[in-house]
Each structure stands twice: as C-alpha cells, then as structure tokens.
>>> print(open('run03.cif').read())   # mmCIF, C-alpha atoms and all ligand atoms
data_final
loop_
_atom_site.group_PDB
_atom_site.id
_atom_site.type_symbol
_atom_site.label_atom_id
_atom_site.label_comp_id
_atom_site.auth_asym_id
_atom_site.auth_seq_id
_atom_site.Cartn_x
_atom_site.Cartn_y
_atom_site.Cartn_z
ATOM 1 C CA MET A 167 -48.235 127.209 34.712
ATOM 2 C CA LYS A 168 -45.363 129.654 35.190
ATOM 3 C CA SER A 169 -44.506 131.872 32.254
ATOM 4 C CA ILE A 170 -40.924 131.506 31.044
ATOM 5 C CA SER A 171 -38.794 132.670 28.151
ATOM 6 C CA LEU A 172 -36.430 130.694 25.974
ATOM 7 C CA THR A 173 -34.540 131.128 22.741
ATOM 8 C CA ILE A 174 -35.045 128.971 19.658
ATOM 9 C CA ASP A 175 -32.791 129.612 16.661
ATOM 10 C CA GLY A 176 -31.975 133.029 18.095
ATOM 11 C CA LYS A 177 -35.634 133.994 18.488
ATOM 12 C CA ARG A 178 -36.766 134.976 21.981
ATOM 13 C CA ILE A 179 -40.002 133.170 22.831
ATOM 14 C CA LYS A 180 -42.441 133.257 25.728
ATOM 15 C CA ALA A 181 -43.985 129.965 26.806
ATOM 16 C CA ARG A 182 -45.271 128.158 29.855
ATOM 17 C CA GLN A 183 -42.942 126.082 31.970
ATOM 18 C CA GLY A 184 -43.399 122.401 31.136
ATOM 19 C CA GLU A 185 -44.869 122.852 27.658
ATOM 20 C CA SER A 186 -43.547 120.593 24.925
ATOM 21 C CA LEU A 187 -40.623 122.108 23.043
ATOM 22 C CA LEU A 188 -41.979 120.786 19.752
ATOM 23 C CA TRP A 189 -45.327 122.582 20.047
ATOM 24 C CA VAL A 190 -43.763 125.764 21.383
ATOM 25 C CA ALA A 191 -41.466 125.872 18.330
ATOM 26 C CA LEU A 192 -44.243 125.076 15.844
ATOM 27 C CA ASP A 193 -46.626 127.578 17.436
ATOM 28 C CA ASN A 194 -43.960 130.233 16.996
ATOM 29 C CA GLY A 195 -43.389 129.524 13.325
ATOM 30 C CA ILE A 196 -40.241 127.441 13.761
ATOM 31 C CA TYR A 197 -40.543 124.163 11.904
ATOM 32 C CA ILE A 198 -39.110 120.988 13.399
ATOM 33 C CA PRO A 199 -39.634 117.785 11.382
ATOM 34 C CA ASN A 200 -42.140 115.510 13.089
ATOM 35 C CA LEU A 201 -44.333 112.599 12.068
ATOM 36 C CA CYS A 202 -45.550 110.889 15.201
ATOM 37 C CA ALA A 203 -46.436 113.698 17.609
ATOM 38 C CA ILE A 204 -50.054 114.455 18.501
ATOM 39 C CA ARG A 205 -50.697 117.579 20.523
ATOM 40 C CA GLU A 206 -53.278 116.093 22.834
ATOM 41 C CA ASN A 207 -51.217 113.005 23.621
ATOM 42 C CA PRO A 208 -49.431 113.705 26.925
ATOM 43 C CA GLU A 209 -47.120 110.748 26.382
ATOM 44 C CA PRO A 210 -45.403 111.200 22.991
ATOM 45 C CA PHE A 211 -44.465 107.955 21.247
ATOM 46 C CA ALA A 212 -41.140 109.451 20.070
ATOM 47 C CA ALA A 213 -41.217 106.815 17.343
ATOM 48 C CA CYS A 214 -40.185 108.666 14.198
ATOM 49 C CA ARG A 215 -36.930 110.120 15.643
ATOM 50 C CA LEU A 216 -37.068 113.087 13.288
ATOM 51 C CA CYS A 217 -37.547 115.931 15.756
ATOM 52 C CA PHE A 218 -33.971 116.094 17.040
ATOM 53 C CA VAL A 219 -32.714 119.508 18.135
ATOM 54 C CA GLU A 220 -29.699 120.729 20.081
ATOM 55 C CA VAL A 221 -30.118 122.281 23.516
ATOM 56 C CA GLU A 222 -27.303 124.329 25.029
ATOM 57 C CA GLY A 223 -25.629 122.419 27.871
ATOM 58 C CA ARG A 224 -26.721 119.011 26.584
ATOM 59 C CA GLU A 225 -24.108 116.703 25.228
ATOM 60 C CA ARG A 226 -26.384 115.052 22.673
ATOM 61 C CA PRO A 227 -29.350 116.185 20.579
ATOM 62 C CA VAL A 228 -32.756 115.592 22.155
ATOM 63 C CA THR A 229 -36.166 114.835 20.656
ATOM 64 C CA ALA A 230 -38.247 118.005 20.782
ATOM 65 C CA CYS A 231 -41.514 116.122 21.293
ATOM 66 C CA THR A 232 -40.331 114.643 24.606
ATOM 67 C CA GLU A 233 -38.507 117.736 25.829
ATOM 68 C CA THR A 234 -40.243 120.351 27.945
ATOM 69 C CA VAL A 235 -39.290 124.011 27.916
ATOM 70 C CA THR A 236 -37.538 125.664 30.846
ATOM 71 C CA GLU A 237 -36.515 129.217 31.720
ATOM 72 C CA GLY A 238 -33.481 130.397 29.768
ATOM 73 C CA MET A 239 -33.317 127.333 27.507
ATOM 74 C CA VAL A 240 -31.343 127.900 24.317
ATOM 75 C CA VAL A 241 -32.339 125.658 21.409
ATOM 76 C CA ASN A 242 -30.800 125.233 17.982
ATOM 77 C CA THR A 243 -32.969 123.333 15.521
ATOM 78 C CA ARG A 244 -30.370 123.578 12.742
ATOM 79 C CA GLY A 245 -27.307 122.244 14.573
ATOM 80 C CA GLU A 246 -25.153 119.849 12.550
ATOM 81 C CA LYS A 247 -25.306 117.020 15.136
ATOM 82 C CA ALA A 248 -29.104 117.120 15.231
ATOM 83 C CA LEU A 249 -29.463 117.447 11.470
ATOM 84 C CA ARG A 250 -27.196 114.476 10.908
ATOM 85 C CA LEU A 251 -29.490 112.313 13.053
ATOM 86 C CA VAL A 252 -32.587 113.636 11.315
ATOM 87 C CA ARG A 253 -31.129 113.010 7.858
ATOM 88 C CA SER A 254 -30.097 109.439 8.745
ATOM 89 C CA GLY A 255 -33.519 108.665 10.245
ATOM 90 C CA PHE A 256 -35.250 110.143 7.232
ATOM 91 C CA GLU A 257 -33.137 108.184 4.786
ATOM 92 C CA LEU A 258 -33.840 104.958 6.658
ATOM 93 C CA LEU A 259 -37.552 105.685 6.597
ATOM 94 C CA MET A 260 -37.549 106.433 2.883
ATOM 95 C CA ALA A 261 -35.683 103.228 2.115
ATOM 96 C CA SER A 262 -38.881 101.250 2.693
ATOM 97 C CA HIS A 263 -41.357 103.854 1.517
ATOM 98 C CA HIS A 264 -43.223 103.336 -1.741
ATOM 99 C CA LEU A 265 -42.308 106.540 -3.526
ATOM 100 C CA ASP A 266 -44.912 107.517 -6.099
ATOM 101 C CA CYS A 267 -45.413 111.271 -5.708
ATOM 102 C CA ALA A 268 -46.596 111.702 -9.290
ATOM 103 C CA HIS A 269 -49.706 109.611 -8.587
ATOM 104 C CA CYS A 270 -50.101 110.134 -4.841
ATOM 105 C CA PRO A 271 -53.155 112.201 -3.775
ATOM 106 C CA ARG A 272 -51.152 113.523 -0.823
ATOM 107 C CA SER A 273 -48.457 115.019 -3.011
ATOM 108 C CA GLY A 274 -48.088 118.697 -2.193
ATOM 109 C CA SER A 275 -49.320 118.290 1.369
ATOM 110 C CA CYS A 276 -47.214 115.264 2.312
ATOM 111 C CA GLU A 277 -45.130 115.669 5.436
ATOM 112 C CA LEU A 278 -42.306 113.644 3.886
ATOM 113 C CA GLN A 279 -41.939 116.159 1.058
ATOM 114 C CA LYS A 280 -41.927 118.987 3.599
ATOM 115 C CA ILE A 281 -39.261 117.303 5.717
ATOM 116 C CA ALA A 282 -37.070 116.495 2.695
ATOM 117 C CA LYS A 283 -37.167 120.138 1.648
ATOM 118 C CA HIS A 284 -36.464 121.344 5.174
ATOM 119 C CA ILE A 285 -33.392 119.197 5.714
ATOM 120 C CA GLY A 286 -32.152 119.393 2.118
ATOM 121 C CA ALA A 287 -32.533 115.658 1.519
ATOM 122 C CA LYS A 288 -33.747 113.699 -1.479
ATOM 123 C CA LEU A 289 -36.927 111.650 -1.112
ATOM 124 C CA LYS A 290 -35.146 108.706 -2.694
ATOM 125 C CA PRO A 291 -32.311 107.585 -0.396
ATOM 126 C CA LYS A 292 -28.837 108.245 -1.742
ATOM 127 C CA HIS A 293 -26.922 105.772 0.404
ATOM 128 C CA LEU A 294 -29.372 102.956 1.064
ATOM 129 C CA ARG A 295 -30.903 100.319 -1.121
ATOM 130 C CA VAL A 296 -34.667 100.747 -1.425
ATOM 131 C CA LEU A 297 -36.491 97.747 0.041
ATOM 132 C CA GLU A 298 -40.126 97.921 -0.964
ATOM 133 C CA ARG A 299 -42.573 95.921 1.111
ATOM 134 C CA ASN A 300 -45.160 95.227 -1.600
ATOM 135 C CA LEU A 301 -48.026 94.833 0.855
ATOM 136 C CA PRO A 302 -51.629 94.545 -0.385
ATOM 137 C CA ILE A 303 -53.584 97.808 -0.559
ATOM 138 C CA ASP A 304 -56.909 97.840 1.284
ATOM 139 C CA ASP A 305 -59.560 99.632 -0.793
ATOM 140 C CA SER A 306 -62.509 97.819 0.776
ATOM 141 C CA HIS A 307 -63.846 100.929 2.509
ATOM 142 C CA PRO A 308 -66.278 103.022 0.412
ATOM 143 C CA GLU A 309 -64.589 106.305 1.333
ATOM 144 C CA PHE A 310 -60.878 105.728 1.692
ATOM 145 C CA ILE A 311 -57.883 103.606 0.774
ATOM 146 C CA TYR A 312 -55.176 102.306 3.071
ATOM 147 C CA ASP A 313 -51.813 101.688 1.429
ATOM 148 C CA PRO A 314 -49.434 100.170 4.012
ATOM 149 C CA ASN A 315 -46.514 100.640 1.603
ATOM 150 C CA LYS A 316 -46.749 104.381 2.226
ATOM 151 C CA CYS A 317 -47.241 104.054 5.992
ATOM 152 C CA VAL A 318 -44.405 105.451 8.120
ATOM 153 C CA LEU A 319 -45.600 103.692 11.303
ATOM 154 C CA CYS A 320 -46.077 106.991 13.093
ATOM 155 C CA GLY A 321 -49.001 105.556 15.053
ATOM 156 C CA ARG A 322 -51.213 108.643 14.739
ATOM 157 C CA CYS A 323 -54.154 106.743 13.193
ATOM 158 C CA VAL A 324 -53.837 104.064 15.871
ATOM 159 C CA TRP A 325 -53.889 106.709 18.594
ATOM 160 C CA VAL A 326 -56.824 108.796 17.300
ATOM 161 C CA CYS A 327 -58.944 105.747 16.689
ATOM 162 C CA HIS A 328 -58.268 104.346 20.186
ATOM 163 C CA GLN A 329 -57.859 107.412 22.381
ATOM 164 C CA ARG A 330 -59.799 110.185 20.733
ATOM 165 C CA LEU A 331 -62.668 108.095 19.412
ATOM 166 C CA GLY A 332 -62.598 104.983 21.574
ATOM 167 C CA VAL A 333 -62.950 102.649 18.594
ATOM 168 C CA GLY A 334 -59.643 101.016 17.746
ATOM 169 C CA ILE A 335 -59.747 99.414 14.346
ATOM 170 C CA PHE A 336 -56.004 99.921 13.762
ATOM 171 C CA GLY A 337 -53.105 98.435 15.651
ATOM 172 C CA PHE A 338 -49.471 97.424 15.143
ATOM 173 C CA ALA A 339 -48.520 93.908 14.143
ATOM 174 C CA HIS A 340 -45.155 92.138 13.722
ATOM 175 C CA ARG A 341 -41.666 93.487 14.398
ATOM 176 C CA GLY A 342 -38.706 95.013 12.591
ATOM 177 C CA PHE A 343 -39.005 95.326 8.820
ATOM 178 C CA GLU A 344 -42.302 93.378 8.956
ATOM 179 C CA ARG A 345 -43.919 95.859 11.328
ATOM 180 C CA VAL A 346 -47.178 97.162 9.978
ATOM 181 C CA VAL A 347 -50.318 99.046 10.955
ATOM 182 C CA THR A 348 -53.274 96.796 10.305
ATOM 183 C CA THR A 349 -56.762 95.887 11.482
ATOM 184 C CA PHE A 350 -57.608 93.221 14.038
ATOM 185 C CA GLY A 351 -57.023 89.851 12.377
ATOM 186 C CA ASP A 352 -55.822 91.703 9.275
ATOM 187 C CA GLU A 353 -59.410 91.845 8.072
ATOM 188 C CA PRO A 354 -60.448 94.377 5.381
ATOM 189 C CA ILE A 355 -61.296 97.780 6.873
ATOM 190 C CA ALA A 356 -64.852 97.532 5.519
ATOM 191 C CA ALA A 357 -65.350 94.386 7.614
ATOM 192 C CA SER A 358 -64.064 96.048 10.784
ATOM 193 C CA ILE A 359 -65.949 98.203 13.277
ATOM 194 C CA CYS A 360 -64.899 101.414 11.489
ATOM 195 C CA GLU A 361 -67.417 104.186 12.163
ATOM 196 C CA ASN A 362 -66.453 106.218 9.080
ATOM 197 C CA CYS A 363 -65.322 109.287 11.008
ATOM 198 C CA THR A 364 -62.211 109.489 8.741
ATOM 199 C CA GLU A 365 -60.164 111.114 11.538
ATOM 200 C CA CYS A 366 -57.387 108.675 10.663
ATOM 201 C CA ILE A 367 -57.079 110.326 7.262
ATOM 202 C CA SER A 368 -56.789 113.795 8.725
ATOM 203 C CA VAL A 369 -53.884 112.762 10.954
ATOM 204 C CA CYS A 370 -51.982 110.596 8.465
ATOM 205 C CA PRO A 371 -48.848 112.535 7.443
ATOM 206 C CA THR A 372 -48.349 110.637 4.168
ATOM 207 C CA GLY A 373 -50.397 109.069 1.379
ATOM 208 C CA ALA A 374 -51.056 105.899 3.385
ATOM 209 C CA LEU A 375 -54.647 106.856 4.201
ATOM 210 C CA VAL A 376 -56.385 108.896 1.518
ATOM 211 C CA PHE A 377 -59.907 109.598 0.342
ATOM 212 C CA LYS A 378 -61.073 107.846 -2.796
ATOM 213 C CA ASP A 379 -62.884 110.842 -4.230
ATOM 214 C CA GLY A 380 -59.987 113.305 -4.106
ATOM 215 C CA LYS A 381 -61.402 115.322 -1.163
ATOM 216 C CA SER A 382 -58.876 117.647 0.474
ATOM 217 C CA GLN A 383 -55.883 115.609 1.591
ATOM 218 C CA SER A 384 -54.226 118.225 3.750
ATOM 219 C CA VAL A 385 -52.828 116.962 7.039
ATOM 220 C CA LYS A 386 -54.540 118.535 10.042
ATOM 221 C CA GLU A 387 -52.068 120.179 12.433
ATOM 222 C CA GLN A 388 -51.869 117.860 15.410
HETATM 223 S S1 LIG B 401 -42.151 113.773 16.589
HETATM 224 FE FE1 LIG B 401 -40.596 113.437 18.056
HETATM 225 S S2 LIG B 401 -39.981 111.406 17.654
HETATM 226 FE FE2 LIG B 401 -41.591 111.715 16.227
#
>>> encode(input="run03.cif", output="structure tokens")
Amino acid sequence: MKSISLTIDGKRIKARQGESLLWVALDNGIYIPNLCAIRENPEPFAACRLCFVEVEGRERPVTACTETVTEGMVVNTRGEKALRLVRSGFELLMASHHLDCAHCPRSGSCELQKIAKHIGAKLKPKHLRVLERNLPIDDSHPEFIYDPNKCVLCGRCVWVCHQRLGVGIFGFAHRGFERVVTTFGDEPIAASICENCTECISVCPTGALVFKDGKSQSVKEQ
C-alpha cells in the first residue's frame, strides 16, 4: 500500500493509503471515542456512532471507523460539529445503561468512563430520562457473568464469537429499545455451546461481560 501523510489535530502523521482513519489515529496516540470497532473486521459495523470527526472539505462529520486515510487529509477530532454528535449519541446510550460504577468490576477500565472524560460529559444523562431495561442477569456460566443492562450493543462479542472463533453463542434479538444481545433461544450461557475461551470478555468495552473471580477486566485493544 502506498505511503501517505495526513494531519490529525495538527499532528503530521504517516500512514498507508486506505488504512482506517480510526486505527491510524489511535496508533498515533490520538484518542477517538469508539465502542464497536474491531481492528480485524474489514467491514466496520459503525453501530455506536461515537467516532465522529471532521475532515476538511467535508460538509458533515464522518465516522472515523468507516473512513479511510488519503494523502493530504486534514482531520479535526475536536471540532464542535463532531463533538455535538458524539455527545448526543453518548447521552442516548447512557439513558438506557444501568449505571453502577461503584460496584462494577469494569470500573476504571470501562470505555464509557473514558469516553465521558474525553468529551466532558456526565455518565448520567443531563437531558434525558433514564429508562432502565431491568433484564435478567445470566450468571449460569462458571467463569463469567453477562449483564444485558450494561450492554451497549456494540456487537464485538457477537463478532469475535462468530468470526474469530467460529462458534457463535451470541446474537442480536428484537428491535429498537428491546434490542438485546442474547444466546440462541435465550438459553442460559452455561447451556449453550460456549467453549469457555472468554474472548467475549476481553472485547467487551463495558461491565456487561465480566469474570466472576475478579480477574483483570481491562479491555483488550481491538
Ligand atoms: S467505532 Fe465507529 S461507529 Fe462505532
């Protein structure tokens, strides 16, 4: 791939033509909020809508995970138009998130806390009413717990289980506010074909999938 240079937040960066803008930025120490991207997935889901940035010459902000870098590109990750979209998306997400940082094993390494800090937002929405889903927690598995009330529907666990491991115990069910990540037939995880690799835990950006025994809960860089 051809080597090119671009500018992100005033920093001159070398990259390869066609690389994803999100990974180029992250690899160069420039944080862009993201929940659903997975490096090895060539077709980003672009589901979380939190990676908006501004690109010179573009009328509207673009999602960094679906944008590829080109020679001379000038990117602003802190533009007001992009940040407004990110803040709104984040607030919407948090309006149905079960917020319990004080007791959450992921606290301190949770991507939601990182994003809130980055965009200067509160974890508890200021403008929206919180609508908790009160879904049952699945603690049937001997090693981990799945709490769908903390799931942000990023799809990472679904993807790693299907694509990376070829198993596929998780999938999406229902639509709109009812949308949820669940097992086939909504059966307990312990009754599914889970092979105990726990890759789903390492990719989960929140406290939705956590170990029972308090093992390291840090989110693996995707
Ligand atoms: S990381 Fe780009 S939309 Fe989620």
>>> residues_around(input="run03.cif", residues="Gly245 in chain A", least_positions_apart="4", cutoff="12 Å", atoms="only C-alpha atoms", output="VMD selection string")
chain A and resid 174 to 175 198 218 to 222 226 to 228 240 to 241 249 to 252 285
>>> closest_residue(input="run03.cif", among="A:Leu278, A:Ala287, A:Val326, A:Cys231", to="ligand LIG 401 (chain B)", atoms="all atoms listed in the file")
A:Cys231
>>> closest_atom_pairs(input="run03.cif", of="chain A", to="ligand LIG 401 (chain B)", cutoff="8 Å", atoms="all atoms listed in the file", output="Markdown table")
| residue | atom | partner | partner_atom | distance |
| --- | --- | --- | --- | --- |
| A:Leu188 | CA | B:LIG401 | FE1 | 7.7 |
| A:Pro199 | CA | B:LIG401 | S1 | 7.0 |
| A:Asn200 | CA | B:LIG401 | S1 | 3.9 |
| A:Leu201 | CA | B:LIG401 | FE2 | 5.1 |
| A:Cys202 | CA | B:LIG401 | FE2 | 4.2 |
| A:Ala203 | CA | B:LIG401 | S1 | 4.4 |
| A:Pro210 | CA | B:LIG401 | FE1 | 7.2 |
| A:Phe211 | CA | B:LIG401 | S2 | 6.7 |
| A:Ala212 | CA | B:LIG401 | S2 | 3.3 |
| A:Ala213 | CA | B:LIG401 | S2 | 4.8 |
| A:Cys214 | CA | B:LIG401 | FE2 | 3.9 |
| A:Arg215 | CA | B:LIG401 | S2 | 3.9 |
| A:Leu216 | CA | B:LIG401 | S2 | 5.5 |
| A:Cys217 | CA | B:LIG401 | FE1 | 4.6 |
| A:Phe218 | CA | B:LIG401 | FE1 | 7.2 |
| A:Thr229 | CA | B:LIG401 | FE1 | 5.3 |
| A:Ala230 | CA | B:LIG401 | FE1 | 5.8 |
| A:Cys231 | CA | B:LIG401 | FE1 | 4.3 |
| A:Thr232 | CA | B:LIG401 | FE1 | 6.7 |
| A:Cys320 | CA | B:LIG401 | FE2 | 7.2 |
>>> residues_around(input="run03.cif", residues="Ile303 in chain A", least_positions_apart="3", cutoff="7 Å", atoms="all atoms listed in the file", output="count of residues only")
3
>>> closest_residue(input="run03.cif", among="A:Trp325, A:Phe343, A:Phe377, A:Phe338", to="His307 in chain A", atoms="all atoms listed in the file")
A:Phe377
>>> atom_distance(input="run03.cif", atom1="CA of Ala357 in chain A", atom2="CA of Leu319 in chain A")
22.1 Å
>>> residues_around(input="run03.cif", residues="Glu185 in chain A", least_positions_apart="2", cutoff="10 Å", atoms="only C-alpha atoms", output="list in words")
Met167, Ala181, Arg182, Gln183, Leu187, Leu188, Trp189, Val190, Cys231, Thr232, Glu233, Thr234, Val235 and Thr236 of chain A
>>> residues_around(input="run03.cif", residues="Gly334 in chain A", least_positions_apart="3", cutoff="7 Å", atoms="all atoms listed in the file", output="list in words")
Val324, Cys327 and His328 of chain A
>>> residues_around(input="run03.cif", residues="range 292-296 of chain A", least_positions_apart="3", cutoff="8 Å", atoms="only C-alpha atoms", output="list in words")
Glu257, Leu258, Met260, Ala261, Ser262, His263 and Lys288 of chain A
>>> atom_distance(input="run03.cif", atom1="CA of Cys363 in chain A", atom2="CA of Pro308 in chain A")
12.3 Å
>>> resolve_selection(input="run03.cif", expression="the PyMOL selection byres (((chain A and resi 346) around 9) and not hetatm)", output="PyMOL selection string")
chain A and resi 314+317-319+337-341+343-345+347-348
>>> closest_residue(input="run03.cif", among="A:Pro208, A:Pro291, A:Gly195, A:Gly373", to="Pro271 in chain A", atoms="all atoms listed in the file")
A:Gly373
>>> closest_residue(input="run03.cif", among="A:Glu209, A:Leu192, A:Ala374, A:Asn242", to="Gly176 in chain A", atoms="all atoms listed in the file")
A:Asn242
>>> closest_residue(input="run03.cif", among="A:Lys168, A:Lys177, A:Lys290, A:His284", to="Ala191 in chain A", atoms="all atoms listed in the file")
A:Lys177
>>> resolve_selection(input="run03.cif", expression="the PyMOL selection byres (((chain A and resi 237) around 6) and not hetatm)", output="VMD selection string")
chain A and resid 170 to 172 236 238 to 239
>>> closest_residue(input="run03.cif", among="A:Asn362, A:Ser254, A:Thr372, A:Ser169", to="Gln279 in chain A", atoms="only C-alpha atoms")
A:Thr372
>>> axis_aligned_box(input="run03.cif", around="range 182-199 of chain A", padding_each_side="8 Å", output="JSON")
{"center_x": -42.9, "center_y": 124.0, "center_z": 21.7, "size_x": 23.5, "size_y": 28.4, "size_z": 36.6}
>>> atom_distance(input="run03.cif", atom1="CA of Arg253 in chain A", atom2="CA of Gly286 in chain A")
8.6 Å
